[in-house]
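The file upload_30.csv contains CSV, C-alpha atoms and all ligand atoms:
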```csv
chain,number,residue,atom,x,y,z
P,1,GLU,CA,-19.7,-53.4,-43.0
P,2,SER,CA,-22.1,-56.2,-42.1
P,3,THR,CA,-24.3,-56.2,-45.2
P,4,PHE,CA,-24.9,-59.6,-46.8
P,5,ILE,CA,-26.9,-60.4,-49.8
P,6,HIS,CA,-29.6,-62.7,-48.3
P,7,ARG,CA,-33.0,-64.2,-48.5
P,8,PHE,CA,-35.5,-63.9,-45.8
P,9,GLU,CA,-38.7,-65.9,-45.5
P,10,PRO,CA,-41.0,-65.1,-42.6
P,11,ALA,CA,-42.3,-67.8,-40.3
P,12,THR,CA,-45.6,-69.4,-41.1
P,13,ASN,CA,-45.7,-71.1,-37.7
P,14,ALA,CA,-44.9,-68.9,-34.8
P,15,GLY,CA,-43.9,-71.9,-32.7
P,16,SER,CA,-41.0,-73.0,-35.0
P,17,PRO,CA,-37.5,-71.6,-34.3
P,18,PRO,CA,-36.0,-69.2,-36.9
P,19,LEU,CA,-33.2,-70.9,-39.0
P,20,LEU,CA,-30.0,-69.3,-40.2
P,21,LEU,CA,-29.0,-71.1,-43.4
P,22,LEU,CA,-25.3,-71.2,-44.3
P,23,HIS,CA,-24.4,-72.7,-47.6
P,24,GLY,CA,-21.2,-74.6,-48.7
P,25,THR,CA,-18.4,-73.4,-51.0
P,26,GLY,CA,-19.8,-72.3,-54.3
P,27,GLY,CA,-23.4,-72.1,-53.1
P,28,ASP,CA,-25.5,-69.1,-52.4
P,29,GLU,CA,-28.5,-67.7,-50.4
P,30,ASN,CA,-31.0,-69.9,-52.4
P,31,ASP,CA,-29.3,-73.3,-51.9
P,32,LEU,CA,-30.6,-74.3,-48.5
P,33,LEU,CA,-34.1,-72.8,-48.5
P,34,GLY,CA,-35.5,-76.2,-49.5
P,35,LEU,CA,-33.5,-78.0,-46.8
P,36,GLY,CA,-34.6,-75.5,-44.2
P,37,LYS,CA,-38.3,-76.1,-45.1
P,38,MET,CA,-37.8,-79.9,-44.9
P,39,ILE,CA,-36.0,-79.7,-41.5
P,40,SER,CA,-38.4,-77.3,-39.9
P,41,PRO,CA,-41.6,-76.4,-41.9
P,42,GLY,CA,-43.0,-73.0,-40.8
P,43,SER,CA,-39.7,-71.6,-39.5
P,44,ALA,CA,-38.5,-68.1,-40.5
P,45,LEU,CA,-35.5,-68.6,-42.8
P,46,LEU,CA,-32.6,-66.2,-42.9
P,47,SER,CA,-30.1,-67.1,-45.6
P,48,PRO,CA,-27.0,-65.0,-46.3
P,49,ARG,CA,-24.6,-65.4,-49.2
P,50,GLY,CA,-20.9,-65.7,-48.1
P,51,ARG,CA,-18.9,-62.6,-48.9
P,52,VAL,CA,-15.6,-64.2,-49.8
P,53,LEU,CA,-15.0,-65.3,-53.3
P,54,GLU,CA,-12.7,-68.2,-54.2
P,55,HIS,CA,-12.4,-68.4,-58.0
P,56,GLY,CA,-15.9,-66.9,-58.1
P,57,MET,CA,-17.3,-69.3,-55.6
P,58,PRO,CA,-19.0,-67.7,-52.5
P,59,ARG,CA,-17.7,-68.8,-49.1
P,60,PHE,CA,-17.9,-67.5,-45.6
P,61,PHE,CA,-14.1,-67.1,-45.0
P,62,ARG,CA,-10.8,-67.5,-46.8
P,63,ARG,CA,-8.8,-70.7,-46.8
P,64,LEU,CA,-5.2,-71.3,-47.8
P,65,ALA,CA,-6.0,-74.9,-49.0
P,66,GLU,CA,-8.8,-77.4,-48.6
P,67,GLY,CA,-9.1,-77.8,-44.9
P,68,VAL,CA,-6.5,-75.2,-44.1
P,69,PHE,CA,-8.1,-72.0,-42.9
P,70,ASP,CA,-7.0,-68.4,-42.8
P,71,GLU,CA,-7.9,-68.1,-39.1
P,72,ASP,CA,-7.6,-64.3,-38.9
P,73,ASP,CA,-10.2,-64.2,-41.6
P,74,VAL,CA,-12.3,-66.9,-39.9
P,75,ARG,CA,-12.4,-64.6,-36.8
P,76,ARG,CA,-13.2,-61.4,-38.7
P,77,ARG,CA,-15.8,-63.0,-40.9
P,78,ALA,CA,-17.5,-64.8,-38.0
P,79,LEU,CA,-17.9,-61.5,-36.1
P,80,GLU,CA,-19.1,-59.8,-39.3
P,81,LEU,CA,-21.8,-62.5,-39.7
P,82,GLY,CA,-22.7,-62.0,-36.0
P,83,ASP,CA,-23.3,-58.3,-36.7
P,84,PHE,CA,-25.5,-59.2,-39.7
P,85,ILE,CA,-27.6,-61.6,-37.6
P,86,ALA,CA,-28.1,-59.0,-34.9
P,87,ASP,CA,-29.2,-56.4,-37.5
P,88,ALA,CA,-31.4,-58.9,-39.3
P,89,ARG,CA,-33.1,-59.9,-36.0
P,90,LYS,CA,-34.1,-56.2,-35.4
P,91,GLN,CA,-35.1,-55.7,-39.0
P,92,TYR,CA,-37.3,-58.8,-39.2
P,93,GLY,CA,-38.2,-59.2,-35.6
P,94,ILE,CA,-37.0,-62.7,-35.1
P,95,ALA,CA,-35.5,-64.6,-32.1
P,96,ALA,CA,-31.9,-65.9,-32.0
P,97,PRO,CA,-31.8,-68.4,-34.8
P,98,VAL,CA,-30.7,-72.1,-34.9
P,99,ALA,CA,-27.9,-72.3,-37.6
P,100,VAL,CA,-28.1,-74.9,-40.2
P,101,GLY,CA,-24.8,-75.0,-41.9
P,102,PHE,CA,-23.3,-77.3,-44.6
P,103,SER,CA,-19.5,-77.7,-45.1
P,104,ASN,CA,-18.0,-74.2,-45.2
P,105,GLY,CA,-21.3,-72.9,-43.8
P,106,ALA,CA,-21.1,-75.3,-40.9
P,107,ASN,CA,-17.5,-74.3,-40.2
P,108,ILE,CA,-18.4,-70.6,-39.9
P,109,ALA,CA,-21.3,-71.6,-37.6
P,110,ALA,CA,-18.9,-73.5,-35.4
P,111,ALA,CA,-16.6,-70.4,-35.3
P,112,LEU,CA,-19.5,-68.2,-34.4
P,113,LEU,CA,-20.5,-70.6,-31.6
P,114,LEU,CA,-16.9,-70.4,-30.2
P,115,LEU,CA,-16.5,-66.6,-30.7
P,116,LYS,CA,-20.0,-65.1,-30.2
P,117,PRO,CA,-22.1,-67.8,-28.5
P,118,ASP,CA,-25.1,-65.5,-27.8
P,119,VAL,CA,-25.8,-65.0,-31.5
P,120,LEU,CA,-27.2,-68.6,-32.0
P,121,ALA,CA,-29.8,-70.5,-30.1
P,122,GLY,CA,-28.3,-73.8,-31.3
P,123,ALA,CA,-26.9,-75.3,-34.5
P,124,ILE,CA,-27.1,-78.2,-36.9
P,125,LEU,CA,-23.6,-78.7,-38.3
P,126,LEU,CA,-23.5,-80.8,-41.4
P,127,ARG,CA,-19.9,-82.0,-42.3
P,128,ALA,CA,-18.2,-79.5,-40.0
P,129,MET,CA,-14.5,-79.2,-39.0
P,130,VAL,CA,-12.7,-77.5,-36.2
P,131,PRO,CA,-12.6,-73.9,-37.4
P,132,LEU,CA,-9.9,-72.5,-35.1
P,133,SER,CA,-6.8,-74.2,-33.8
P,134,ASP,CA,-6.7,-72.1,-30.7
P,135,PRO,CA,-10.3,-71.1,-29.9
P,136,PRO,CA,-11.1,-68.8,-27.0
P,137,LYS,CA,-12.8,-70.4,-23.9
P,138,ALA,CA,-16.4,-70.2,-24.9
P,139,GLU,CA,-19.4,-70.6,-22.6
P,140,LEU,CA,-22.1,-72.4,-24.5
P,141,GLY,CA,-24.4,-73.0,-21.5
P,142,GLY,CA,-26.4,-76.0,-22.6
P,143,LYS,CA,-26.9,-74.9,-26.2
P,144,PRO,CA,-28.2,-77.8,-28.4
P,145,ILE,CA,-25.9,-78.8,-31.2
P,146,LEU,CA,-26.4,-81.6,-33.7
P,147,LEU,CA,-23.2,-82.6,-35.5
P,148,LEU,CA,-23.6,-84.9,-38.5
P,149,SER,CA,-20.4,-86.3,-40.0
P,150,GLY,CA,-19.8,-88.6,-43.0
P,151,GLN,CA,-17.8,-91.7,-42.2
P,152,ALA,CA,-16.2,-91.6,-45.6
P,153,ASP,CA,-15.8,-87.8,-45.9
P,154,PRO,CA,-12.6,-87.1,-47.9
P,155,ILE,CA,-12.5,-83.5,-46.5
P,156,VAL,CA,-13.2,-84.1,-42.8
P,157,PRO,CA,-11.2,-86.8,-41.0
P,158,ALA,CA,-13.0,-88.7,-38.3
P,159,SER,CA,-10.5,-87.4,-35.7
P,160,ASN,CA,-11.3,-83.8,-36.7
P,161,SER,CA,-15.1,-84.1,-36.3
P,162,ALA,CA,-14.6,-85.9,-33.0
P,163,LYS,CA,-12.3,-83.1,-31.8
P,164,LEU,CA,-15.0,-80.5,-32.7
P,165,ALA,CA,-17.6,-82.5,-30.8
P,166,ALA,CA,-15.3,-82.6,-27.8
P,167,LEU,CA,-14.5,-78.8,-28.0
P,168,LEU,CA,-18.2,-77.9,-28.1
P,169,SER,CA,-19.1,-80.3,-25.3
P,170,GLU,CA,-16.3,-79.0,-23.1
P,171,ALA,CA,-17.6,-75.4,-23.7
P,172,GLY,CA,-20.9,-76.6,-22.2
P,173,ALA,CA,-23.0,-77.4,-25.3
P,174,ARG,CA,-25.4,-80.3,-25.4
P,175,VAL,CA,-23.8,-82.0,-28.4
P,176,ASP,CA,-25.4,-84.9,-30.3
P,177,HIS,CA,-22.7,-86.3,-32.7
P,178,LYS,CA,-23.7,-88.9,-35.3
P,179,VAL,CA,-21.4,-90.4,-37.9
P,180,LEU,CA,-23.4,-91.4,-41.0
P,181,PRO,CA,-22.5,-93.9,-43.8
P,182,ALA,CA,-21.9,-91.0,-46.2
P,183,GLY,CA,-19.2,-88.8,-47.7
P,184,HIS,CA,-19.0,-85.0,-47.7
P,185,GLN,CA,-22.4,-84.8,-49.5
P,186,LEU,CA,-25.6,-84.8,-47.6
P,187,SER,CA,-27.8,-87.8,-47.6
P,188,GLN,CA,-31.5,-88.5,-46.8
P,189,ALA,CA,-30.4,-89.5,-43.3
P,190,ASP,CA,-29.1,-86.0,-42.7
P,191,VAL,CA,-32.5,-84.5,-43.4
P,192,THR,CA,-34.4,-87.1,-41.3
P,193,LEU,CA,-32.0,-86.8,-38.3
P,194,ALA,CA,-32.0,-83.0,-38.5
P,195,ARG,CA,-35.8,-82.9,-38.6
P,196,ASN,CA,-36.3,-85.2,-35.7
P,197,TRP,CA,-33.6,-83.5,-33.7
P,198,ILE,CA,-35.1,-80.0,-34.1
P,199,GLY,CA,-38.5,-81.3,-33.2
P,200,SER,CA,-37.1,-82.7,-29.9
P,201,VAL,CA,-35.1,-79.6,-28.7
P,202,ASP,CA,-36.8,-76.8,-26.9
Z,301,LIG,C1,-13.9,-75.2,-45.8
Z,301,LIG,O1,-13.2,-74.6,-46.5
Z,301,LIG,O2,-14.7,-74.7,-45.0
Z,301,LIG,C2,-13.9,-76.7,-45.8
Z,301,LIG,O3,-12.8,-77.1,-46.6
Z,301,LIG,C3,-15.2,-77.2,-46.4
Z,301,LIG,C4,-15.4,-76.8,-47.8
Z,301,LIG,O4,-15.9,-75.7,-48.0
Z,301,LIG,O5,-15.1,-77.5,-48.8
```

Represent the structure of the file as structure tokens.
Ligand code: MLT
Amino acid sequence: ESTFIHRFEPATNAGSPPLLLLHGTGGDENDLLGLGKMISPGSALLSPRGRVLEHGMPRFFRRLAEGVFDEDDVRRRALELGDFIADARKQYGIAAPVAVGFSNGANIAAALLLLKPDVLAGAILLRAMVPLSDPPKAELGGKPILLLSGQADPIVPASNSAKLAALLSEAGARVDHKVLPAGHQLSQADVTLARNWIGSVD
């Protein structure tokens, strides 16, 4: 079962990469459409709603506590999301997307990169954490990844985001990691950096 409630907006500029928008806990498929348009005007936007509910709040996988993940569920849900993306690519005729994930959405995108690297062309990970304590040896073959962390993020310790950057780099990704003067919430700098970054990768 790989059906997700989602929004799709076709590209208005064929040269812009499709974006996969992945919301944070308690968000939905509408949340990041505006952000996607700011980051990459003209891109096709594919935006699923997480299928796990935590006290009614949609997420992309189960957690035992804040920052403590049900890793079996992370694996299962990442593969399920990968299947959805493959189906959506056929249905809508789009290339492999660049993920734009915030918080829980960034964490499932990181899991997808480690478990099914071919699904994504690259990723913008906003306030991401290490999603799996014992990830498989992934081959990310030069995939571009922008990781933006908040220096005062109460959910993601600096050591954790540094570890994620190292993990992705060791797997062969081209990782650009920046630590912003921000907390867990996004700031204007996130939008500006993401827009400049996506314009500079091929
Ligand atoms: C998570 O559960 O993925 C992280 O704790 C981030 C969050 O959703 O708050």

Per-residue nearest contacts chain P to ligand LIG 301 (chain Z), cut-off 9 Å, using all atoms listed in the file, as a tab-separated table:
```
residue	atom	partner	partner_atom	distance
P:Gly24	CA	Z:LIG301	O4	5.5
P:Thr25	CA	Z:LIG301	O4	4.5
P:Gly26	CA	Z:LIG301	O4	8.2
P:Arg59	CA	Z:LIG301	O4	7.2
P:Phe60	CA	Z:LIG301	O2	7.9
P:Phe61	CA	Z:LIG301	O2	7.6
P:Arg62	CA	Z:LIG301	O1	7.5
P:Arg63	CA	Z:LIG301	O1	5.9
P:Leu64	CA	Z:LIG301	O1	8.8
P:Ala65	CA	Z:LIG301	O3	7.5
P:Glu66	CA	Z:LIG301	O3	4.5
P:Gly67	CA	Z:LIG301	O3	4.1
P:Val68	CA	Z:LIG301	O3	7.0
P:Phe69	CA	Z:LIG301	O1	6.8
P:Phe102	CA	Z:LIG301	C3	8.3
P:Ser103	CA	Z:LIG301	C3	4.5
P:Asn104	CA	Z:LIG301	O2	3.3
P:Gly105	CA	Z:LIG301	O2	6.9
P:Ala106	CA	Z:LIG301	O2	7.6
P:Asn107	CA	Z:LIG301	O2	5.6
P:Ile108	CA	Z:LIG301	O2	7.5
P:Arg127	CA	Z:LIG301	C3	7.9
P:Ala128	CA	Z:LIG301	C3	7.4
P:Met129	CA	Z:LIG301	C2	7.3
P:Pro131	CA	Z:LIG301	O2	7.9
P:Ile155	CA	Z:LIG301	O3	6.4
P:Val156	CA	Z:LIG301	O3	8.0
P:His184	CA	Z:LIG301	O5	8.5
```

Contact residues around Leu33 (chain P) with only C-alpha atoms at 12 Å, ignoring same-chain residues under 2 positions, as a ChimeraX atom specification: /P:6-10,19-23,27-31,35-48,100-101

Nearest to Ser169 (chain P), chosen from P:Gly15, P:Pro181, P:Gly150, P:Pro144, with all atoms listed in the file counted in the distances: P:Pro144

Neighbour list for Glu170 (chain P) as a ChimeraX atom specification, cut-off 12 Å, all atoms listed in the file, skip fewer than 4 positions in-chain: /P:114,137-143,163-166,174-175

Closest of P:Leu193, P:Leu126, P:Leu132, P:Ala173 to Asp153 (chain P) - atom-to-atom distances counting all atoms listed in the file: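 Looking only at the distances to Asp153 (chain P), the closest residue turns out to be P:Leu126.
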
CA of Lys90 (chain P) to CA of Val119 (chain P), straight-line distance in Å: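 Distance reported for this atom pair: 12.7 Å.
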
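Among P:Pro17, P:Ala111, P:Ala121, P:Leu146, the residue with the shortest atom-to-atom distance to Asn196 (chain P), counting only C-alpha atoms, is P:Leu146.
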
Among the residues P:Val201, P:Leu168, P:Leu180, P:Ile124, the one that comes closest to Leu147 (chain P) [using all atoms listed in the file]: P:Ile124

Interatomic distance, CA of Pro18 (chain P) to CA of Ile94 (chain P) (Å, one decimal):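 That distance, rounded to one decimal, is 6.8 Å.
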
Gap from CA of Leu148 (chain P) to CA of Leu112 (chain P) - Å, one decimal: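 Rounded to one decimal, the two atoms are 17.7 Å apart.
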
Completed region 111-140 of chain P (N, CA and C atoms) as a JSON list (two decimals), in the frame of the given file:
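Below you can see selection-v1.json, which holds the result:
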```json
[["chain", "number", "residue", "atom", "x", "y", "z"],
["P", 111, "ALA", "N", -17.43, -71.57, -35.78],
["P", 111, "ALA", "CA", -16.60, -70.40, -35.30],
["P", 111, "ALA", "C", -17.45, -69.43, -34.56],
["P", 112, "LEU", "N", -18.64, -69.17, -35.07],
["P", 112, "LEU", "CA", -19.50, -68.20, -34.40],
["P", 112, "LEU", "C", -19.92, -68.72, -33.01],
["P", 113, "LEU", "N", -20.16, -70.02, -32.88],
["P", 113, "LEU", "CA", -20.50, -70.60, -31.60],
["P", 113, "LEU", "C", -19.33, -70.37, -30.58],
["P", 114, "LEU", "N", -18.10, -70.49, -31.07],
["P", 114, "LEU", "CA", -16.90, -70.40, -30.20],
["P", 114, "LEU", "C", -16.61, -68.90, -29.89],
["P", 115, "LEU", "N", -16.89, -68.01, -30.85],
["P", 115, "LEU", "CA", -16.50, -66.60, -30.70],
["P", 115, "LEU", "C", -17.60, -65.71, -30.17],
["P", 116, "LYS", "N", -18.83, -65.99, -30.53],
["P", 116, "LYS", "CA", -20.00, -65.10, -30.20],
["P", 116, "LYS", "C", -21.17, -66.04, -29.84],
["P", 117, "PRO", "N", -21.09, -66.79, -28.74],
["P", 117, "PRO", "CA", -22.10, -67.80, -28.50],
["P", 117, "PRO", "C", -23.53, -67.30, -28.36],
["P", 118, "ASP", "N", -23.70, -66.03, -28.00],
["P", 118, "ASP", "CA", -25.10, -65.50, -27.80],
["P", 118, "ASP", "C", -25.85, -65.35, -29.10],
["P", 119, "VAL", "N", -25.15, -65.33, -30.22],
["P", 119, "VAL", "CA", -25.80, -65.00, -31.50],
["P", 119, "VAL", "C", -26.74, -66.18, -31.93],
["P", 120, "LEU", "N", -26.38, -67.41, -31.58],
["P", 120, "LEU", "CA", -27.20, -68.60, -32.00],
["P", 120, "LEU", "C", -27.86, -69.27, -30.88],
["P", 121, "ALA", "N", -29.07, -69.75, -31.14],
["P", 121, "ALA", "CA", -29.80, -70.50, -30.10],
["P", 121, "ALA", "C", -29.35, -71.97, -30.11],
["P", 122, "GLY", "N", -28.76, -72.41, -31.20],
["P", 122, "GLY", "CA", -28.30, -73.80, -31.30],
["P", 122, "GLY", "C", -27.79, -73.95, -32.76],
["P", 123, "ALA", "N", -27.42, -75.16, -33.13],
["P", 123, "ALA", "CA", -26.90, -75.30, -34.50],
["P", 123, "ALA", "C", -26.99, -76.79, -34.95],
["P", 124, "ILE", "N", -27.24, -76.90, -36.24],
["P", 124, "ILE", "CA", -27.10, -78.20, -36.90],
["P", 124, "ILE", "C", -25.91, -78.04, -37.85],
["P", 125, "LEU", "N", -24.86, -78.78, -37.55],
["P", 125, "LEU", "CA", -23.60, -78.70, -38.30],
["P", 125, "LEU", "C", -23.42, -79.89, -39.15],
["P", 126, "LEU", "N", -23.52, -79.68, -40.46],
["P", 126, "LEU", "CA", -23.50, -80.80, -41.40],
["P", 126, "LEU", "C", -22.06, -80.81, -42.05],
["P", 127, "ARG", "N", -21.28, -81.84, -41.75],
["P", 127, "ARG", "CA", -19.90, -82.00, -42.30],
["P", 127, "ARG", "C", -18.96, -80.91, -41.82],
["P", 128, "ALA", "N", -19.06, -80.55, -40.53],
["P", 128, "ALA", "CA", -18.20, -79.50, -40.00],
["P", 128, "ALA", "C", -16.84, -79.95, -39.59],
["P", 129, "MET", "N", -15.90, -78.99, -39.54],
["P", 129, "MET", "CA", -14.50, -79.20, -39.00],
["P", 129, "MET", "C", -14.25, -78.25, -37.90],
["P", 130, "VAL", "N", -13.16, -78.50, -37.17],
["P", 130, "VAL", "CA", -12.70, -77.50, -36.20],
["P", 130, "VAL", "C", -12.27, -76.26, -36.93],
["P", 131, "PRO", "N", -12.89, -75.11, -36.60],
["P", 131, "PRO", "CA", -12.60, -73.90, -37.40],
["P", 131, "PRO", "C", -11.43, -73.09, -36.94],
["P", 132, "LEU", "N", -11.01, -73.28, -35.70],
["P", 132, "LEU", "CA", -9.90, -72.50, -35.10],
["P", 132, "LEU", "C", -9.02, -73.39, -34.33],
["P", 133, "SER", "N", -7.70, -73.27, -34.54],
["P", 133, "SER", "CA", -6.80, -74.20, -33.80],
["P", 133, "SER", "C", -6.63, -73.81, -32.37],
["P", 134, "ASP", "N", -6.86, -72.53, -32.05],
["P", 134, "ASP", "CA", -6.70, -72.10, -30.70],
["P", 134, "ASP", "C", -7.90, -71.21, -30.28],
["P", 135, "PRO", "N", -9.07, -71.85, -30.14],
["P", 135, "PRO", "CA", -10.30, -71.10, -29.90],
["P", 135, "PRO", "C", -10.31, -70.47, -28.50],
["P", 136, "PRO", "N", -11.01, -69.35, -28.31],
["P", 136, "PRO", "CA", -11.10, -68.80, -27.00],
["P", 136, "PRO", "C", -12.01, -69.73, -26.12],
["P", 137, "LYS", "N", -11.94, -69.58, -24.83],
["P", 137, "LYS", "CA", -12.80, -70.40, -23.90],
["P", 137, "LYS", "C", -14.20, -69.91, -24.03],
["P", 138, "ALA", "N", -15.05, -70.65, -24.72],
["P", 138, "ALA", "CA", -16.40, -70.20, -24.90],
["P", 138, "ALA", "C", -17.31, -70.78, -23.80],
["P", 139, "GLU", "N", -18.45, -70.15, -23.58],
["P", 139, "GLU", "CA", -19.40, -70.60, -22.60],
["P", 139, "GLU", "C", -20.73, -70.88, -23.35],
["P", 140, "LEU", "N", -20.99, -72.14, -23.65],
["P", 140, "LEU", "CA", -22.10, -72.40, -24.50],
["P", 140, "LEU", "C", -23.39, -72.85, -23.70]]
```
